[in-house]
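A.B. asks: My file is data.txt. It has compact mmCIF, C-alpha atoms and all ligand atoms:
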```
# COMPACT_ATOMS: atom_id res chain seq x y z
CA MET J 1 129.81 121.61 66.26
CA THR J 2 126.94 123.92 67.16
CA ALA J 3 123.81 122.12 68.16
CA SER J 4 120.15 122.98 68.28
CA ARG J 5 118.33 122.76 71.51
CA PHE J 6 115.51 120.29 71.79
CA PRO J 7 113.53 122.23 74.41
CA THR J 8 113.26 120.26 77.60
CA ARG J 9 112.25 123.12 79.89
CA PRO J 10 108.44 123.37 80.21
CA LEU J 11 108.27 127.03 79.15
CA ALA J 12 110.50 126.50 76.16
CA ALA J 13 108.59 123.40 75.17
CA ALA J 14 105.32 125.25 75.56
CA LEU J 15 106.60 128.14 73.45
CA LEU J 16 107.78 125.73 70.79
CA ALA J 17 104.45 123.90 70.89
CA GLY J 18 102.78 127.25 70.39
CA ALA J 19 105.05 128.01 67.48
CA PHE J 20 104.25 124.66 65.95
CA ALA J 21 100.53 125.22 66.55
CA ALA J 22 100.87 128.54 64.77
CA LEU J 23 102.58 126.69 61.95
CA ALA J 24 99.69 124.26 61.76
CA PRO J 25 100.51 121.20 59.65
CA SER J 26 99.59 121.89 56.11
CA ALA J 27 100.38 120.30 52.83
CA HIS J 28 101.35 123.65 51.23
CA ALA J 29 104.83 123.95 49.92
CA ALA J 30 107.48 125.06 52.40
CA ASP J 31 109.66 127.41 50.38
CA LEU J 32 113.01 128.81 51.34
CA ASP J 33 111.72 132.31 52.07
CA GLU J 34 109.18 130.87 54.52
CA LEU J 35 111.86 128.88 56.34
CA LYS J 36 114.09 131.98 56.52
CA GLU J 37 111.16 133.89 57.98
CA GLN J 38 110.43 131.02 60.38
CA GLY J 39 114.08 131.05 61.47
CA PHE J 40 114.39 127.30 61.58
CA ALA J 41 113.65 124.13 59.63
CA ARG J 42 111.57 121.45 61.38
CA ILE J 43 113.38 118.12 60.93
CA ALA J 44 112.33 114.57 61.76
CA ILE J 45 114.92 112.42 63.53
CA ALA J 46 114.94 109.00 65.18
CA ASN J 47 117.53 109.43 67.95
CA GLU J 48 119.70 106.58 66.63
CA PRO J 49 123.39 107.53 67.01
CA PRO J 50 125.50 108.21 65.03
CA TYR J 51 122.79 109.14 62.49
CA THR J 52 120.78 111.28 64.90
CA ALA J 53 121.08 111.90 68.62
CA VAL J 54 119.30 113.92 71.31
CA LYS J 55 121.38 114.36 74.45
CA PRO J 56 119.76 114.47 77.91
CA ASP J 57 120.03 118.29 77.87
CA GLY J 58 118.03 118.38 74.62
CA THR J 59 120.95 119.11 72.32
CA VAL J 60 120.39 117.65 68.86
CA SER J 61 123.41 116.17 67.07
CA GLY J 62 124.29 113.24 64.86
CA ALA J 63 125.53 113.27 61.28
CA GLY J 64 122.11 113.89 59.73
CA PRO J 65 121.12 116.96 61.76
CA ASP J 66 124.66 118.35 61.59
CA VAL J 67 124.67 118.23 57.78
CA ALA J 68 121.16 119.68 57.68
CA ARG J 69 122.07 122.50 60.08
CA ALA J 70 125.12 123.38 57.94
CA VAL J 71 123.22 123.34 54.64
CA PHE J 72 120.20 125.25 55.94
CA GLY J 73 122.57 127.73 57.62
CA LYS J 74 124.21 128.48 54.27
CA LEU J 75 120.73 128.94 52.81
CA GLY J 76 119.95 131.56 55.45
CA VAL J 77 117.82 129.36 57.73
CA GLY J 78 119.16 129.91 61.23
CA ASP J 79 118.73 126.53 62.86
CA VAL J 80 116.94 123.20 62.89
CA VAL J 81 114.33 122.11 65.41
CA ALA J 82 114.02 118.33 65.71
CA SER J 83 111.10 116.03 66.44
CA ILE J 84 111.71 112.36 67.26
CA SER J 85 109.68 110.01 65.10
CA GLU J 86 109.61 106.30 64.31
CA TYR J 87 110.96 105.60 60.82
CA GLY J 88 107.58 104.34 59.62
CA ALA J 89 105.90 107.62 60.67
CA MET J 90 108.41 110.01 59.12
CA ILE J 91 107.06 110.17 55.57
CA PRO J 92 103.40 110.49 56.67
CA GLY J 93 104.49 113.24 59.09
CA LEU J 94 106.39 115.04 56.34
CA GLN J 95 103.47 114.80 53.95
CA ALA J 96 101.11 116.10 56.67
CA GLY J 97 103.31 119.17 57.09
CA ARG J 98 104.59 118.33 60.58
CA PHE J 99 108.20 118.48 59.35
CA ASP J 100 109.95 120.51 56.66
CA ALA J 101 112.47 117.72 56.00
CA ILE J 102 113.53 114.27 57.20
CA THR J 103 117.26 114.15 58.02
CA ALA J 104 117.41 110.85 59.93
CA GLY J 105 119.19 108.27 57.84
CA LEU J 106 115.95 107.32 56.06
CA PHE J 107 117.54 105.16 53.37
CA MET J 108 116.50 105.61 49.75
CA ARG J 109 114.26 102.75 48.68
CA PRO J 110 112.08 102.70 45.56
CA GLU J 111 108.80 103.07 47.45
CA ARG J 112 110.18 105.99 49.44
CA CYS J 113 111.67 107.62 46.35
CA ARG J 114 108.16 107.69 44.91
CA ALA J 115 106.75 109.33 48.05
CA VAL J 116 109.26 112.10 48.74
CA ALA J 117 111.82 114.34 47.03
CA TYR J 118 115.21 113.10 48.24
CA SER J 119 118.39 115.15 48.14
CA GLU J 120 121.53 113.58 46.76
CA PRO J 121 123.10 110.91 49.03
CA ILE J 122 124.39 111.88 52.47
CA LEU J 123 124.86 108.88 54.86
CA CYS J 124 125.67 105.38 53.51
CA ASP J 125 125.98 102.16 55.47
CA ALA J 126 125.67 98.38 55.33
CA GLU J 127 123.38 96.39 57.62
CA ALA J 128 124.30 94.46 60.80
CA PHE J 129 122.77 92.08 63.33
CA ALA J 130 123.32 92.16 67.06
CA VAL J 131 123.16 88.54 68.27
CA LYS J 132 123.99 86.52 71.38
CA ALA J 133 127.72 85.88 71.75
CA GLY J 134 128.80 82.99 69.58
CA ASN J 135 125.79 83.54 67.29
CA PRO J 136 124.13 80.27 68.45
CA LEU J 137 121.56 80.23 65.61
CA ASN J 138 124.27 81.14 63.06
CA LEU J 139 122.29 84.09 61.71
CA ARG J 140 124.41 85.92 59.12
CA THR J 141 121.80 86.94 56.54
CA PHE J 142 118.11 87.76 56.43
CA ALA J 143 117.71 84.48 54.54
CA ASP J 144 119.24 82.64 57.50
CA VAL J 145 116.53 84.14 59.73
CA ALA J 146 113.84 83.12 57.23
CA GLY J 147 115.26 79.60 57.11
CA ASN J 148 115.18 79.02 60.84
CA GLU J 149 111.61 78.70 62.12
CA ASN J 150 112.75 79.48 65.66
CA ALA J 151 114.57 82.70 64.77
CA ARG J 152 112.93 86.01 65.70
CA ILE J 153 114.42 89.25 64.32
CA GLY J 154 113.85 92.72 65.75
CA ALA J 155 113.70 95.76 63.47
CA PRO J 156 112.32 99.33 63.51
CA GLY J 157 108.65 99.62 62.56
CA GLY J 158 108.42 100.76 58.94
CA GLY J 159 112.20 100.60 58.75
CA ALA J 160 114.41 99.26 55.97
CA GLU J 161 115.36 96.20 58.02
CA GLU J 162 111.74 95.23 58.58
CA ARG J 163 111.18 95.31 54.82
CA LEU J 164 114.41 93.39 54.18
CA ALA J 165 113.38 90.66 56.64
CA LEU J 166 109.87 90.34 55.20
CA GLY J 167 111.29 90.48 51.67
CA ALA J 168 113.67 87.62 52.52
CA GLY J 169 110.69 85.51 53.54
CA VAL J 170 110.72 85.88 57.33
CA PRO J 171 107.06 85.38 58.38
CA ARG J 172 105.41 88.50 59.84
CA GLU J 173 105.06 86.89 63.27
CA ARG J 174 108.85 86.40 63.49
CA VAL J 175 109.63 90.05 62.60
CA ILE J 176 109.35 91.90 65.91
CA VAL J 177 108.88 95.69 65.78
CA VAL J 178 111.41 97.42 68.04
CA PRO J 179 110.71 101.08 69.01
CA ASP J 180 114.29 102.19 69.68
CA GLY J 181 117.86 101.01 69.97
CA GLN J 182 117.98 100.42 73.71
CA SER J 183 114.76 98.40 73.60
CA GLY J 184 116.25 96.24 70.87
CA ILE J 185 119.36 95.50 72.92
CA ASN J 186 117.24 94.73 75.98
CA MET J 187 115.03 92.37 73.96
CA LEU J 188 118.11 90.56 72.65
CA GLN J 189 119.61 90.30 76.14
CA ASP J 190 116.28 88.98 77.50
CA GLY J 191 116.03 86.38 74.73
CA ARG J 192 112.84 87.89 73.25
CA ILE J 193 114.59 88.21 69.88
CA ASP J 194 117.52 86.29 68.39
CA ALA J 195 118.87 89.07 66.16
CA TYR J 196 118.42 92.84 66.15
CA ALA J 197 118.88 94.41 62.70
CA LEU J 198 120.08 98.00 62.18
CA PRO J 199 122.77 99.67 60.07
CA VAL J 200 126.35 98.79 60.97
CA LEU J 201 127.21 102.10 62.67
CA SER J 202 124.03 102.05 64.76
CA ILE J 203 124.60 98.50 66.03
CA ALA J 204 128.26 99.34 66.74
CA ASP J 205 127.22 102.38 68.79
CA LEU J 206 124.64 100.37 70.76
CA LEU J 207 127.12 97.57 71.55
CA ARG J 208 129.73 100.09 72.68
CA THR J 209 127.17 101.59 75.04
CA ALA J 210 125.92 98.17 76.24
CA ASN J 211 129.46 96.93 76.87
CA ASP J 212 128.00 93.42 77.26
CA PRO J 213 130.29 90.45 76.37
CA ASN J 214 127.17 88.29 75.95
CA ILE J 215 126.12 90.03 72.73
CA GLU J 216 128.07 90.63 69.52
CA GLN J 217 127.82 92.25 66.07
CA ILE J 218 127.53 90.35 62.82
CA SER J 219 128.22 92.53 59.76
CA PRO J 220 127.95 93.21 56.98
CA ILE J 221 124.71 91.29 56.26
CA SER J 222 125.49 89.99 52.79
CA ASP J 223 121.90 89.82 51.47
CA ALA J 224 121.24 93.48 52.28
CA PRO J 225 122.54 96.20 49.95
CA VAL J 226 124.67 99.10 51.17
CA ALA J 227 122.08 101.85 51.47
CA CYS J 228 122.27 105.63 51.59
CA ASP J 229 119.88 108.26 52.87
CA GLY J 230 119.33 111.76 51.63
CA ALA J 231 117.41 114.62 53.18
CA ALA J 232 113.76 113.97 52.30
CA PHE J 233 111.37 116.77 51.29
CA ARG J 234 107.73 116.81 50.25
CA ARG J 235 107.31 116.18 46.54
CA GLN J 236 105.81 119.66 46.13
CA ASP J 237 108.96 121.14 47.75
CA GLU J 238 111.34 120.13 44.97
CA ALA J 239 112.54 123.74 44.61
CA LEU J 240 113.62 123.67 48.27
CA ARG J 241 115.25 120.26 47.71
CA ASP J 242 117.13 121.64 44.72
CA GLU J 243 118.48 124.54 46.80
CA PHE J 244 119.53 122.03 49.48
CA ASP J 245 121.26 119.95 46.81
CA ARG J 246 123.08 122.97 45.39
CA VAL J 247 124.67 123.75 48.77
CA LEU J 248 125.27 120.07 49.57
CA ALA J 249 127.24 119.72 46.32
CA GLU J 250 129.37 122.76 47.22
CA MET J 251 130.09 121.25 50.65
CA LYS J 252 131.04 117.91 49.08
CA GLU J 253 133.38 119.74 46.72
CA SER J 254 134.98 121.88 49.44
CA GLY J 255 135.57 118.99 51.88
CA GLU J 256 133.23 120.46 54.48
CA PHE J 257 130.80 117.57 53.98
CA ALA J 258 133.51 115.02 54.84
CA GLN J 259 134.59 117.10 57.86
CA ILE J 260 131.06 116.82 59.27
CA ILE J 261 130.21 113.15 58.65
CA GLU J 262 133.53 111.28 58.86
CA PRO J 263 134.10 111.87 62.59
CA TYR J 264 130.83 109.94 63.04
CA GLY J 265 132.24 107.01 61.06
CA PHE J 266 130.52 107.68 57.72
CA SER J 267 132.36 107.75 54.38
CA ALA J 268 132.04 110.89 52.26
CA ASP J 269 133.41 108.93 49.29
CA ALA J 270 130.60 106.36 49.65
CA ALA J 271 127.97 109.10 49.37
CA MET J 272 129.85 110.91 46.57
CA SER J 273 130.31 107.73 44.51
CA THR J 274 126.58 107.18 44.01
CA SER J 275 123.50 109.23 43.27
CA ARG J 276 119.82 109.57 44.06
CA GLU J 277 119.07 108.33 40.55
CA GLN J 278 121.09 105.14 41.05
CA LEU J 279 119.79 104.47 44.56
CA CYS J 280 116.15 105.11 43.74
CA ALA J 281 116.34 102.85 40.70
CA ALA J 282 118.02 99.97 42.61
CA SER J 283 115.70 97.13 43.56
CA ASN J 284 116.25 96.18 47.20
O1 LIG E 1 116.08 103.79 56.50
C1 LIG E 1 115.68 103.11 57.44
O2 LIG E 1 114.50 102.71 57.57
C2 LIG E 1 116.74 102.70 58.50
N1 LIG E 1 117.70 103.76 58.65
C3 LIG E 1 118.40 103.86 59.77
C4 LIG E 1 119.46 104.91 59.89
N2 LIG E 1 118.18 103.10 60.85
C5 LIG E 1 117.19 102.08 60.89
C6 LIG E 1 116.10 102.33 59.82
O3 LIG E 1 115.26 101.19 59.68
```
Kindly transcribe the structure held in the file into structure tokens.
Ligand code: 6CS

C.D. replies:
Amino acid sequence: MTASRFPTRPLAAALLAGAFAALAPSAHAADLDELKEQGFARIAIANEPPYTAVKPDGTVSGAGPDVARAVFGKLGVGDVVASISEYGAMIPGLQAGRFDAITAGLFMRPERCRAVAYSEPILCDAEAFAVKAGNPLNLRTFADVAGNENARIGAPGGGAEERLALGAGVPRERVIVVPDGQSGINMLQDGRIDAYALPVLSIADLLRTANDPNIEQISPISDAPVACDGAAFRRQDEALRDEFDRVLAEMKESGEFAQIIEPYGFSADAAMSTSREQLCAASN
């Protein structure tokens, strides 16, 4: 698995900043020839393994960037350069021209489908809670959280889980915005939240890393649908999205798609058994 470098050395970072400054954010369409000329595609990620990950040495990996790197490579775009962003800031950043695509596990939801041009499905997952061992408040659904006036749930700002909690009737003041996975685990361990909501594979990765017998995973969350992401492009970049989709379909057909995502725990069949049309039409 080749990986892009996420420049950590000052000179490299400065050079990249200069390159970005030269590619000043603009709302104009990013077409394939421009990306080939640029030599890389600028992708938004969240650093939430196994969807996206930035190692201490700056290497970018995770299922989303690895699929994107493979597809863009086959389109003649040499590499991907990643920027870490909160989920809620990804679409505004894309629309402002700071990224060429979002490849971060940004699940298809109707409001997002209206704002961006999604590729066909890539990474699918159910939702999970991390809770204190023994699940003392018996929180198994977002409705359970809504129904317990003492229950506080942590979720990414602008993320799917925040919307699911609010949609289930959890009052705003009991939905705590969590900036990243480690913070969420720390807040659970400190008793500042009673459940931390993320997709199943993300919670599983965090609990493996925490290795703390005092917290446990509850999944799947039965009142949350299985969701899938796609690579997200600006609406005016549908031609680029279509080229991405063409190569993605070839990789699904050849088995290369499964070879990339299944070692991370994702199911190729899950992504291949649904479609952007179905997912964008579903009411969450
Ligand atoms: O689509 C989202 O908003 C959610 N997707 C992932 C992979 N993690 C959390 C986030 O809220």

A.B. asks: Taking all atoms listed in the file into account, list the residues no farther than 10 Å from ligand LIG 1 (chain E), as a ChimeraX atom specification.

C.D. replies: /J:45-52,64,86-88,90,103-109,112,123-125,127,155-164,178,180-181,197-203,227-230

A.B. asks: Just checking: using only C-alpha atoms, which residue out of J:Ala231, J:Ile215, J:Ala239, J:Ile176 ends up closest to Ile91 in chain J?

C.D. replies: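 Among the listed residues, J:Ala231 lies closest to Ile91 in chain J.
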
A.B. asks: Produce a table with one row for each residue of range 176-268 of chain J that has an atom at most 10 Å from any atom of range 97-101 of chain J, each row naming the nearest atom pair and its distance in Å at one decimal; use all atoms listed in the file; arrange rows by chain and rising residue number; format as CSV.

C.D. replies:
```
residue,atom,partner,partner_atom,distance
J:Ala231,CA,J:Ala101,CA,6.5
J:Ala232,CA,J:Ala101,CA,5.4
J:Phe233,CA,J:Ala101,CA,4.9
J:Arg234,CA,J:Ala101,CA,7.5
J:Asp237,CA,J:Asp100,CA,9.0
J:Leu240,CA,J:Asp100,CA,9.7
J:Arg241,CA,J:Ala101,CA,9.1
```

A.B. asks: Any idea what's packed within 9 Å of Gln38 in chain J, counting all atoms listed in the file, ignoring anything in its chain fewer than 3 positions away? Could you give it as an NGL selection string?

C.D. replies: :J and (33-35 or 41 or 77-78)

A.B. asks: Nearest to Asp245 in chain J among J:Ala146, J:Val60, J:Ala68, J:Ile84, with distances taken over only C-alpha atoms: which residue is it?

C.D. replies: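 Checking each candidate against Asp245 in chain J, we get J:Ala68 as the closest.
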
A.B. asks: So how far away is CA of Gln182 in chain J from CA of Ala210 in chain J, in Å?

C.D. replies: 8.6 Å

A.B. asks: When distances are computed from only C-alpha atoms, which of J:Ser119, J:Asn148, J:Gln259, J:Asn211 shows the smallest separation from Glu238 in chain J?

C.D. replies: J:Ser119

A.B. asks: Distance CA of Val247 in chain J-CA of Ser85 in chain J, one decimal place?

C.D. replies: 26.1 Å

A.B. asks: Quick one: of J:Gly93, J:Gly255, J:Pro220, J:Pro121, who's nearest to Phe142 in chain J, counting all atoms listed in the file?

C.D. replies: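 The closest residue to Phe142 in chain J is J:Pro220.
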
A.B. asks: With distances taken over only C-alpha atoms, which residue among J:Pro225, J:Gly39, J:Gly169, J:Pro213 lies nearest Gly134 in chain J?

C.D. replies: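 Selected residue with least distance to Gly134 in chain J: J:Pro213.
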
A.B. asks: Suppose you want the space between CA of Asp144 in chain J and CA of Ser183 in chain J; what is it in Å?

C.D. replies: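 Between CA of Asp144 in chain J and CA of Ser183 in chain J the gap works out to 23.0 Å.
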